[in-house]
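Okay, start-v1.cif now, which holds mmCIF, C-alpha atoms:
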```cif
data_run
#
loop_
_atom_site.label_atom_id
_atom_site.label_comp_id
_atom_site.auth_asym_id
_atom_site.auth_seq_id
_atom_site.Cartn_x
_atom_site.Cartn_y
_atom_site.Cartn_z
CA MET A 605 -49.85 -8.64 10.55
CA ASP A 606 -48.09 -5.31 11.06
CA VAL A 607 -44.64 -4.74 9.61
CA GLU A 608 -42.41 -1.79 10.49
CA PHE A 609 -41.19 0.20 7.47
CA ARG A 610 -37.92 1.95 8.39
CA ILE A 611 -37.36 4.56 5.73
CA LYS A 612 -34.30 6.72 5.22
CA ARG A 613 -35.71 10.12 4.39
CA PHE A 614 -34.10 13.27 3.01
CA ASP A 615 -35.70 16.71 3.12
CA GLY A 616 -33.21 18.54 0.92
CA SER A 617 -30.75 19.39 3.67
CA LYS A 618 -30.58 16.49 6.13
CA SER A 619 -31.33 12.78 6.10
CA TYR A 620 -33.04 10.95 8.94
CA TRP A 621 -34.77 7.64 9.66
CA GLN A 622 -38.51 7.38 10.16
CA SER A 623 -40.61 4.30 11.00
CA PHE A 624 -44.17 3.49 9.95
CA LYS A 625 -46.45 0.59 10.89
CA VAL A 626 -47.96 -1.02 7.80
CA PRO A 627 -50.70 -3.67 7.93
CA VAL A 628 -49.53 -6.40 5.56
CA ARG A 629 -51.56 -9.03 3.76
CA LYS A 630 -50.33 -12.00 1.73
CA GLY A 631 -48.93 -10.97 -1.67
CA MET A 632 -48.55 -7.29 -0.74
CA THR A 633 -45.51 -5.63 -2.29
CA VAL A 634 -43.14 -3.06 -0.82
CA LEU A 635 -44.52 -0.54 -3.31
CA GLU A 636 -48.06 -1.14 -2.04
CA GLY A 637 -46.72 -0.58 1.48
CA LEU A 638 -45.22 2.74 0.39
CA TYR A 639 -48.54 3.77 -1.17
CA TYR A 640 -50.32 2.79 2.08
CA ILE A 641 -48.01 5.13 4.03
CA LYS A 642 -48.45 7.95 1.52
CA GLU A 643 -52.26 7.64 1.42
CA ASN A 644 -52.91 6.96 5.11
CA ILE A 645 -50.04 8.19 7.29
CA ASP A 646 -47.66 10.68 5.66
CA PRO A 647 -48.50 12.24 2.28
CA SER A 648 -45.10 13.95 2.19
CA LEU A 649 -43.27 10.63 1.64
CA ALA A 650 -41.61 10.77 -1.79
CA PHE A 651 -40.86 7.76 -3.96
CA ARG A 652 -40.82 7.04 -7.68
CA ALA A 653 -43.12 4.46 -9.30
CA SER A 654 -45.00 4.02 -12.51
CA CYS A 655 -45.94 0.69 -14.09
CA ARG A 656 -46.18 -1.38 -10.85
CA MET A 657 -45.28 -4.50 -12.85
CA GLY A 658 -41.49 -4.58 -13.18
CA ILE A 659 -41.27 -3.01 -16.61
CA CYS A 660 -40.50 0.69 -16.15
CA GLY A 661 -37.66 0.36 -13.61
CA SER A 662 -38.79 3.48 -11.71
CA CYS A 663 -39.23 1.96 -8.27
CA ALA A 664 -35.73 0.52 -7.71
CA ILE A 665 -34.69 1.26 -4.12
CA LYS A 666 -32.55 -0.42 -1.49
CA ILE A 667 -34.74 -2.90 0.35
CA ASN A 668 -33.04 -4.51 3.35
CA ASN A 669 -29.67 -3.30 2.06
CA LYS A 670 -30.08 -4.73 -1.44
CA PRO A 671 -31.32 -2.89 -4.55
CA ARG A 672 -34.61 -4.36 -5.75
CA LEU A 673 -37.77 -3.28 -7.53
CA ALA A 674 -40.33 -2.26 -4.88
CA CYS A 675 -43.17 -3.42 -7.15
CA GLU A 676 -41.77 -6.94 -7.48
CA THR A 677 -40.70 -7.47 -3.88
CA GLN A 678 -43.31 -9.05 -1.65
CA ILE A 679 -43.09 -7.94 1.97
CA MET A 680 -43.72 -11.40 3.40
CA HIS A 681 -40.98 -12.91 1.23
CA LEU A 682 -38.47 -10.67 2.98
CA GLY A 683 -39.18 -12.30 6.35
CA GLY A 684 -38.87 -10.46 9.62
CA LYS A 685 -40.98 -7.73 11.20
CA THR A 686 -38.97 -4.81 9.82
CA VAL A 687 -38.32 -3.67 6.26
CA THR A 688 -35.52 -1.15 5.74
CA LEU A 689 -35.83 1.15 2.75
CA GLU A 690 -33.15 3.50 1.44
CA PRO A 691 -32.49 5.37 -1.81
CA LEU A 692 -30.05 3.76 -4.26
CA ASP A 693 -26.33 4.28 -3.64
CA ASN A 694 -24.11 6.09 -6.18
CA PHE A 695 -26.93 8.49 -7.07
CA LYS A 696 -27.62 11.95 -5.71
CA VAL A 697 -30.69 11.84 -3.46
CA LEU A 698 -33.31 14.44 -4.36
CA LYS A 699 -35.98 13.65 -1.76
CA ASP A 700 -36.61 10.61 0.45
CA LEU A 701 -36.33 7.59 -1.89
CA ILE A 702 -36.06 9.59 -5.11
CA THR A 703 -32.63 9.82 -6.73
CA ASP A 704 -31.37 11.91 -9.64
CA PHE A 705 -31.18 9.79 -12.80
CA GLU A 706 -30.22 12.59 -15.18
CA GLY A 707 -26.54 11.60 -15.38
CA PHE A 708 -27.44 7.92 -15.64
CA PHE A 709 -29.69 8.52 -18.64
CA ALA A 710 -27.14 10.89 -20.20
CA LYS A 711 -24.56 8.08 -20.09
CA HIS A 712 -27.06 5.74 -21.67
CA GLU A 713 -27.72 8.24 -24.44
CA PHE A 714 -23.96 8.77 -24.90
CA VAL A 715 -23.36 5.20 -26.15
CA ARG A 716 -25.90 5.63 -28.99
CA PRO A 717 -28.39 2.97 -27.87
CA TYR A 718 -30.13 2.56 -31.20
CA LEU A 719 -29.48 0.90 -34.56
CA ILE A 720 -27.02 2.89 -36.65
CA ARG A 721 -27.27 2.37 -40.40
CA ASP A 722 -26.48 4.52 -43.40
CA ASP A 723 -28.97 2.90 -45.77
CA VAL A 724 -32.21 3.86 -44.04
CA ASP A 725 -34.84 5.03 -46.48
CA TYR A 726 -38.07 6.05 -44.78
CA ASN A 727 -39.88 6.33 -48.12
CA GLU A 728 -39.07 2.76 -49.07
CA PRO A 729 -38.45 0.93 -45.81
CA VAL A 730 -36.81 -2.48 -46.05
CA GLU A 731 -37.35 -5.22 -43.50
CA LEU A 732 -34.10 -6.22 -41.81
CA ILE A 733 -34.07 -10.00 -41.62
CA GLN A 734 -32.51 -11.68 -38.60
CA THR A 735 -32.06 -15.35 -37.79
CA PRO A 736 -33.01 -16.72 -34.33
CA LYS A 737 -29.29 -17.22 -33.63
CA GLU A 738 -28.55 -13.59 -34.44
CA LEU A 739 -31.38 -12.53 -32.13
CA GLU A 740 -30.05 -14.75 -29.36
CA ALA A 741 -26.68 -12.94 -29.48
CA TYR A 742 -28.15 -9.79 -27.92
CA TYR A 743 -31.70 -10.61 -26.77
CA ILE A 744 -31.01 -11.01 -23.04
CA PHE A 745 -29.25 -7.62 -22.96
CA SER A 746 -32.21 -5.91 -24.60
CA LEU A 747 -34.32 -6.62 -21.51
CA CYS A 748 -32.67 -3.84 -19.47
CA ILE A 749 -35.27 -1.57 -17.84
CA LYS A 750 -32.75 1.12 -16.77
CA CYS A 751 -33.65 0.79 -13.09
CA GLY A 752 -30.12 1.75 -11.99
CA ALA A 753 -29.72 -1.20 -9.58
CA CYS A 754 -26.48 -2.26 -11.32
CA TYR A 755 -25.02 1.25 -11.20
CA SER A 756 -25.89 1.63 -7.49
CA VAL A 757 -23.75 -1.35 -6.42
CA CYS A 758 -20.83 -0.78 -8.80
CA PRO A 759 -17.63 0.02 -6.85
CA ALA A 760 -16.12 1.57 -9.98
CA ALA A 761 -19.06 3.98 -10.25
CA ALA A 762 -18.78 4.74 -6.53
CA THR A 763 -15.33 6.24 -7.02
CA ARG A 764 -15.77 8.01 -10.36
CA ASP A 765 -18.84 9.96 -11.41
CA ASP A 766 -17.84 9.95 -15.06
CA TYR A 767 -17.72 6.14 -15.35
CA LEU A 768 -20.26 5.05 -17.94
CA GLY A 769 -21.47 2.25 -15.70
CA PRO A 770 -22.84 -1.25 -16.31
CA ALA A 771 -26.20 -0.27 -17.83
CA ALA A 772 -24.76 2.06 -20.49
CA ILE A 773 -22.00 -0.37 -21.51
CA THR A 774 -24.54 -3.21 -21.66
CA ALA A 775 -26.68 -1.06 -23.95
CA ALA A 776 -23.63 -0.42 -26.13
CA TYR A 777 -22.93 -4.16 -26.32
CA ARG A 778 -26.56 -4.95 -27.04
CA PHE A 779 -26.44 -2.84 -30.22
CA CYS A 780 -22.91 -3.86 -31.21
CA ALA A 781 -24.01 -7.52 -31.05
CA ASP A 782 -27.05 -6.82 -33.20
CA SER A 783 -26.52 -8.12 -36.76
CA ARG A 784 -28.60 -5.22 -38.16
CA ASP A 785 -26.36 -2.56 -36.66
CA ARG A 786 -23.49 -0.82 -38.50
CA GLY A 787 -22.31 1.47 -35.70
CA LYS A 788 -19.88 -0.78 -33.84
CA GLU A 789 -16.83 1.39 -34.59
CA ILE A 790 -18.62 4.54 -33.39
CA ARG A 791 -19.56 2.88 -30.10
CA MET A 792 -16.12 1.32 -29.69
CA ASP A 793 -14.60 4.80 -29.75
CA LEU A 794 -17.06 5.86 -27.06
CA VAL A 795 -16.53 2.98 -24.64
CA SER A 796 -12.80 2.23 -25.18
CA SER A 797 -11.61 4.64 -22.54
CA ASP A 798 -10.60 4.81 -18.88
CA ASN A 799 -14.12 5.87 -17.96
CA GLY A 800 -15.57 3.20 -20.22
CA VAL A 801 -14.92 -0.54 -20.32
CA TRP A 802 -11.45 -0.19 -18.78
CA ARG A 803 -12.88 1.28 -15.59
CA CYS A 804 -14.66 -1.98 -14.69
CA HIS A 805 -12.88 -3.99 -11.96
CA PHE A 806 -15.11 -7.02 -12.33
CA ALA A 807 -16.74 -7.05 -8.93
CA ALA A 808 -19.69 -8.63 -10.84
CA GLU A 809 -22.14 -7.25 -8.29
CA CYS A 810 -24.16 -5.66 -11.12
CA SER A 811 -25.10 -9.13 -12.37
CA GLU A 812 -26.01 -10.26 -8.87
CA VAL A 813 -28.57 -7.49 -8.28
CA CYS A 814 -30.05 -7.10 -11.78
CA PRO A 815 -33.82 -7.70 -11.39
CA LYS A 816 -34.02 -8.87 -15.01
CA LYS A 817 -31.01 -11.23 -14.71
CA ILE A 818 -29.35 -9.53 -17.66
CA GLU A 819 -25.74 -10.13 -16.55
CA PRO A 820 -24.31 -6.65 -17.23
CA ALA A 821 -20.87 -7.81 -16.06
CA LYS A 822 -20.81 -10.35 -18.89
CA ALA A 823 -21.68 -7.67 -21.45
CA ILE A 824 -18.91 -5.43 -20.11
CA GLN A 825 -16.29 -8.21 -20.34
CA LYS A 826 -17.37 -9.06 -23.88
CA MET A 827 -17.23 -5.38 -24.77
CA ARG A 828 -13.79 -5.13 -23.17
CA LEU A 829 -12.48 -8.04 -25.26
CA ALA A 830 -13.90 -6.43 -28.39
CA SER A 831 -12.34 -3.13 -27.31
CA THR A 832 -8.92 -4.82 -26.94
CA PHE A 833 -9.01 -6.06 -30.55
CA TYR A 834 -10.38 -2.74 -31.74
CA MET A 835 -7.58 -0.78 -30.03
CA LEU A 836 -4.90 -3.21 -31.30
CA LYS A 837 -6.28 -2.93 -34.81
CA ASN A 838 -6.13 0.86 -34.57
CA ILE A 839 -2.43 0.74 -33.67
CA PHE A 840 -1.57 -1.09 -36.92
CA ARG A 841 -3.89 0.94 -39.09
CA MET B 103 -19.49 7.38 -1.66
CA ALA B 104 -15.86 7.74 -2.79
CA ILE B 105 -13.25 5.11 -1.85
CA SER B 106 -15.45 3.68 0.93
CA GLY B 107 -17.50 2.26 -1.98
CA TRP B 108 -14.69 -0.24 -2.58
CA PHE B 109 -15.20 -1.75 0.83
CA LYS B 110 -18.98 -1.84 1.03
CA VAL B 111 -19.95 -5.46 1.64
CA SER B 112 -23.18 -5.19 3.63
CA GLY B 113 -26.03 -6.67 1.58
CA ARG B 114 -23.63 -7.56 -1.23
CA SER B 115 -22.70 -10.92 -2.72
CA VAL B 116 -19.51 -12.93 -2.26
CA PHE B 117 -18.13 -11.27 -5.42
CA SER B 118 -18.09 -7.86 -3.73
CA LEU B 119 -16.33 -9.47 -0.77
CA ALA B 120 -13.73 -10.92 -3.16
CA PHE B 121 -13.31 -7.50 -4.78
CA SER B 122 -12.90 -5.74 -1.42
CA PHE B 123 -10.28 -8.26 -0.26
CA HIS B 124 -8.48 -7.82 -3.57
CA ARG B 125 -8.28 -4.06 -2.96
CA ILE B 126 -7.21 -4.45 0.69
CA THR B 127 -4.51 -7.02 -0.13
CA GLY B 128 -3.33 -4.85 -3.03
CA ILE B 129 -2.94 -1.84 -0.75
CA ILE B 130 -1.10 -3.93 1.90
CA LEU B 131 1.26 -5.37 -0.74
CA LEU B 132 1.92 -1.91 -2.17
CA ILE B 133 2.77 -0.50 1.27
CA TYR B 134 5.00 -3.52 2.00
CA LEU B 135 6.75 -3.19 -1.38
CA CYS B 136 7.43 0.52 -0.80
CA MET B 137 8.81 -0.17 2.69
CA HIS B 138 10.87 -3.09 1.37
CA LEU B 139 12.40 -1.10 -1.50
CA ALA B 140 12.92 2.01 0.62
CA TYR B 141 14.81 -0.02 3.21
CA LEU B 142 16.94 -1.96 0.71
CA THR B 143 17.91 1.13 -1.29
CA SER B 144 18.82 3.01 1.91
CA LEU B 145 21.42 0.39 2.91
CA THR B 146 24.90 1.84 2.59
CA ASP B 147 26.65 -0.73 4.73
CA LYS B 148 28.73 -2.80 2.27
CA THR B 149 29.53 -5.49 4.85
CA GLY B 150 25.89 -6.64 4.93
CA GLN B 151 25.75 -6.48 8.72
CA THR B 152 22.78 -4.06 8.80
CA TYR B 153 20.81 -6.34 6.48
CA GLU B 154 21.70 -9.43 8.47
CA GLY B 155 20.70 -7.60 11.64
CA LEU B 156 17.21 -6.91 10.29
CA ILE B 157 16.84 -10.49 9.04
CA GLY B 158 17.89 -11.65 12.50
CA VAL B 159 14.96 -9.73 13.98
CA THR B 160 12.30 -10.44 11.32
CA VAL B 161 12.99 -14.10 10.53
CA THR B 162 11.98 -15.25 13.99
CA PRO B 163 9.01 -17.17 15.45
CA ALA B 164 7.62 -13.86 16.77
CA PHE B 165 7.33 -12.50 13.21
CA LEU B 166 5.98 -15.74 11.73
CA ALA B 167 2.33 -14.68 12.04
CA PHE B 168 3.04 -11.42 10.16
CA ASP B 169 4.92 -13.33 7.46
CA ALA B 170 2.02 -15.78 7.12
CA LEU B 171 -0.44 -12.89 6.76
CA LEU B 172 1.80 -11.24 4.17
CA VAL B 173 1.96 -14.49 2.20
CA LEU B 174 -1.84 -14.75 2.43
CA CYS B 175 -2.11 -11.26 0.92
CA GLY B 176 0.24 -12.21 -1.93
CA VAL B 177 -1.40 -15.58 -2.62
CA TYR B 178 -4.92 -14.13 -2.47
CA HIS B 179 -4.05 -11.18 -4.70
CA GLY B 180 -2.28 -13.41 -7.21
CA ILE B 181 -4.84 -16.21 -7.52
CA ASN B 182 -7.87 -13.92 -7.33
CA GLY B 183 -6.18 -11.69 -9.90
CA LEU B 184 -5.86 -14.64 -12.28
CA ARG B 185 -9.56 -15.42 -11.74
CA VAL B 186 -10.49 -11.85 -12.64
CA ILE B 187 -8.21 -11.91 -15.71
CA ILE B 188 -9.92 -15.08 -16.99
CA HIS B 189 -13.32 -13.37 -16.77
CA GLU B 190 -11.98 -10.13 -18.21
CA PHE B 191 -11.11 -12.06 -21.35
CA GLY B 192 -14.82 -12.85 -21.53
CA LEU B 193 -14.18 -16.49 -20.61
CA ALA B 194 -16.07 -18.85 -18.31
CA TYR B 195 -18.37 -16.11 -17.10
CA GLU B 196 -21.26 -18.54 -16.54
CA TYR B 197 -19.08 -20.57 -14.18
CA ARG B 198 -17.98 -17.59 -12.11
CA LYS B 199 -19.36 -18.94 -8.83
CA ALA B 200 -17.62 -22.30 -9.25
CA ILE B 201 -14.37 -20.58 -10.30
CA LEU B 202 -14.51 -18.32 -7.25
CA ALA B 203 -15.01 -21.36 -5.01
CA ILE B 204 -12.08 -23.18 -6.66
CA SER B 205 -9.93 -20.05 -6.27
CA ILE B 206 -10.68 -19.85 -2.55
CA VAL B 207 -9.79 -23.54 -2.06
CA LEU B 208 -6.55 -22.98 -4.02
CA ILE B 209 -5.70 -19.87 -2.00
CA LEU B 210 -6.17 -21.70 1.29
CA ALA B 211 -4.16 -24.73 0.10
CA VAL B 212 -1.22 -22.65 -1.17
CA TRP B 213 -1.27 -20.39 1.87
CA LEU B 214 -1.33 -23.27 4.37
CA TYR B 215 1.48 -25.07 2.55
CA ALA B 216 3.59 -21.89 2.35
CA SER B 217 2.96 -21.21 6.05
CA TYR B 218 4.04 -24.77 6.89
CA VAL B 219 7.26 -24.35 4.88
CA MET B 220 8.00 -21.05 6.63
CA TYR B 221 7.27 -22.61 10.02
CA LYS B 222 9.73 -25.43 9.29
CA LEU B 223 12.33 -22.89 8.14
CA VAL B 224 12.02 -20.57 11.12
CA VAL B 225 11.11 -22.87 13.99
CA GLY B 226 12.66 -26.06 12.61
CA GLY B 227 11.53 -29.56 13.40
#
```

Mind converting the file's structure to structure tokens?
Amino acid sequence: MDVEFRIKRFDGSKSYWQSFKVPVRKGMTVLEGLYYIKENIDPSLAFRASCRMGICGSCAIKINNKPRLACETQIMHLGGKTVTLEPLDNFKVLKDLITDFEGFFAKHEFVRPYLIRDDVDYNEPVELIQTPKELEAYYIFSLCIKCGACYSVCPAAATRDDYLGPAAITAAYRFCADSRDRGKEIRMDLVSSDNGVWRCHFAAECSEVCPKKIEPAKAIQKMRLASTFYMLKNIFR
Amino acid sequence: MAISGWFKVSGRSVFSLAFSFHRITGIILLIYLCMHLAYLTSLTDKTGQTYEGLIGVTVTPAFLAFDALLVLCGVYHGINGLRVIIHEFGLAYEYRKAILAISIVLILAVWLYASYVMYKLVVGG
């Protein structure tokens, strides 16, 4: 069966639509379709991919108007004879389906997405014990693959480039909720701002499109509640 | 994408639709409030005749549809706003779909009742 791939392309100055016929077999993914086009029809087609198994988050694109991982989306599951592919919204398009993630990763880095402790001794490392309940508090949020799907549908990110976005705030919450971490106050200062947790309008679309079902909107609301108490506490300090 | 990003609903879930309506109704209510306050503060007629004249034009069956739409904006913005506030306190997040459905039922019920009351007031019967 042949399926038409309608791809929104960008050559650096103008964007245009181009269609390709792709022979599809059962189980074939959108990413495999893109590779078929690149290897057999048009080698100039640009897209990002790496692991091909839903772990690296590189291949997130808009498939039939919705952000998804190309490697995890089977063409036949989409139904219909046409598949529409576009680069993610809210990101600058570099070429065809490739978008610029530099700012996205910079925001992620900004929230200090790592354990902060002042008692680390690399000469005599100590195991940090954690109960299953303590692990459960943050585990789901640690599954983020930084694919940018959440950021691409966020209406708050659409109107302000400096908004930290769902992925970065989720990363901040993931470490604040970790019982081994001691950097909550540092992160609270970073996210308690008008371009941080207070920028979210709770459209909750980030949770709807997350390919890992992480629920970034939940993390943001929990972070916002924590930020409220943190800011109130600071007033009476 | 700028402000058009607020109103992008194609391919999005019902939550984006709820968000877009919240923005639209907010903008409509803001414009109405500005017009309302601007008109009231510009009244210099102490007899109240100018005000009564406007009420005589606006509180009529012809304006009923506009009034009903304005009430819909207010009811939607208010009830949906409460829904968002509940979630923003980190509460009932897992039940967000059910809460949205309940909110929509509530909005329709309040709006229809308010429209009925206005209809009785303006048209009588």

Six-sided padding of 4 Å per side, axis-aligned box over region 715-728 of chain A, centre and edges in Å, one decimal, as lines of an AutoDock Vina configuration file:
```
center_x = -31.6
center_y = 3.6
center_z = -37.6
size_x = 24.5
size_y = 13.4
size_z = 30.9
```

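Applied to this file, the PyMOL selection byres ((chain B and resi 191) around 8) selects A:Gln825, A:Lys826, A:Arg828, A:Leu829, B:Ile187, B:Ile188, B:His189, B:Glu190, B:Gly192, B:Leu193.
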
Near-Pro736 (chain A) list (12 Å; all atoms listed in the file; drop same-chain fewer than 6 positions) as a PyMOL selection string
chain A and resi 742-743+782-783

Take the PyMOL selection byres ((chain B) within 9 of (chain A)), run it mentally on this structure, and tell me the resulting residues as an NGL selection string.
:B and (103-110 or 112-122 or 186 or 189-193 or 195-196)

Residue members of the PyMOL selection byres ((chain A and resi 697-708) around 10) in the file shown, as a short mmCIF file (atom, residue, chain, number, x, y, z; two decimals) with C-alpha atoms, in the coordinates of the input:
```cif
data_model
loop_
_atom_site.label_atom_id
_atom_site.label_comp_id
_atom_site.auth_asym_id
_atom_site.auth_seq_id
_atom_site.Cartn_x
_atom_site.Cartn_y
_atom_site.Cartn_z
CA ILE A 611 -37.36 4.56 5.73
CA LYS A 612 -34.30 6.72 5.22
CA ARG A 613 -35.71 10.12 4.39
CA PHE A 614 -34.10 13.27 3.01
CA ASP A 615 -35.70 16.71 3.12
CA GLY A 616 -33.21 18.54 0.92
CA SER A 617 -30.75 19.39 3.67
CA LYS A 618 -30.58 16.49 6.13
CA SER A 619 -31.33 12.78 6.10
CA TYR A 620 -33.04 10.95 8.94
CA TRP A 621 -34.77 7.64 9.66
CA SER A 648 -45.10 13.95 2.19
CA LEU A 649 -43.27 10.63 1.64
CA ALA A 650 -41.61 10.77 -1.79
CA PHE A 651 -40.86 7.76 -3.96
CA ARG A 652 -40.82 7.04 -7.68
CA ALA A 653 -43.12 4.46 -9.30
CA SER A 662 -38.79 3.48 -11.71
CA CYS A 663 -39.23 1.96 -8.27
CA ALA A 664 -35.73 0.52 -7.71
CA ILE A 665 -34.69 1.26 -4.12
CA LYS A 666 -32.55 -0.42 -1.49
CA LEU A 689 -35.83 1.15 2.75
CA GLU A 690 -33.15 3.50 1.44
CA PRO A 691 -32.49 5.37 -1.81
CA LEU A 692 -30.05 3.76 -4.26
CA ASP A 693 -26.33 4.28 -3.64
CA ASN A 694 -24.11 6.09 -6.18
CA PHE A 695 -26.93 8.49 -7.07
CA LYS A 696 -27.62 11.95 -5.71
CA PHE A 709 -29.69 8.52 -18.64
CA ALA A 710 -27.14 10.89 -20.20
CA LYS A 711 -24.56 8.08 -20.09
CA HIS A 712 -27.06 5.74 -21.67
CA GLU A 713 -27.72 8.24 -24.44
CA PHE A 714 -23.96 8.77 -24.90
CA LYS A 750 -32.75 1.12 -16.77
CA CYS A 751 -33.65 0.79 -13.09
CA GLY A 752 -30.12 1.75 -11.99
CA TYR A 755 -25.02 1.25 -11.20
CA ASP A 765 -18.84 9.96 -11.41
CA ASP A 766 -17.84 9.95 -15.06
CA TYR A 767 -17.72 6.14 -15.35
CA LEU A 768 -20.26 5.05 -17.94
CA GLY A 769 -21.47 2.25 -15.70
CA ALA A 771 -26.20 -0.27 -17.83
CA ALA A 772 -24.76 2.06 -20.49
#
```

For the atom pair CA of Leu156 (chain B) and CA of Leu142 (chain B), what is the interatomic distance in Å to one decimal place?
10.8 Å

Kindly extract all protein, DNA and RNA residues lying within 8 Å of the coordinates (-53.0, -13.6, 7.9) given in the file, considering only C-alpha atoms, and supply them as a count of residues only.
3
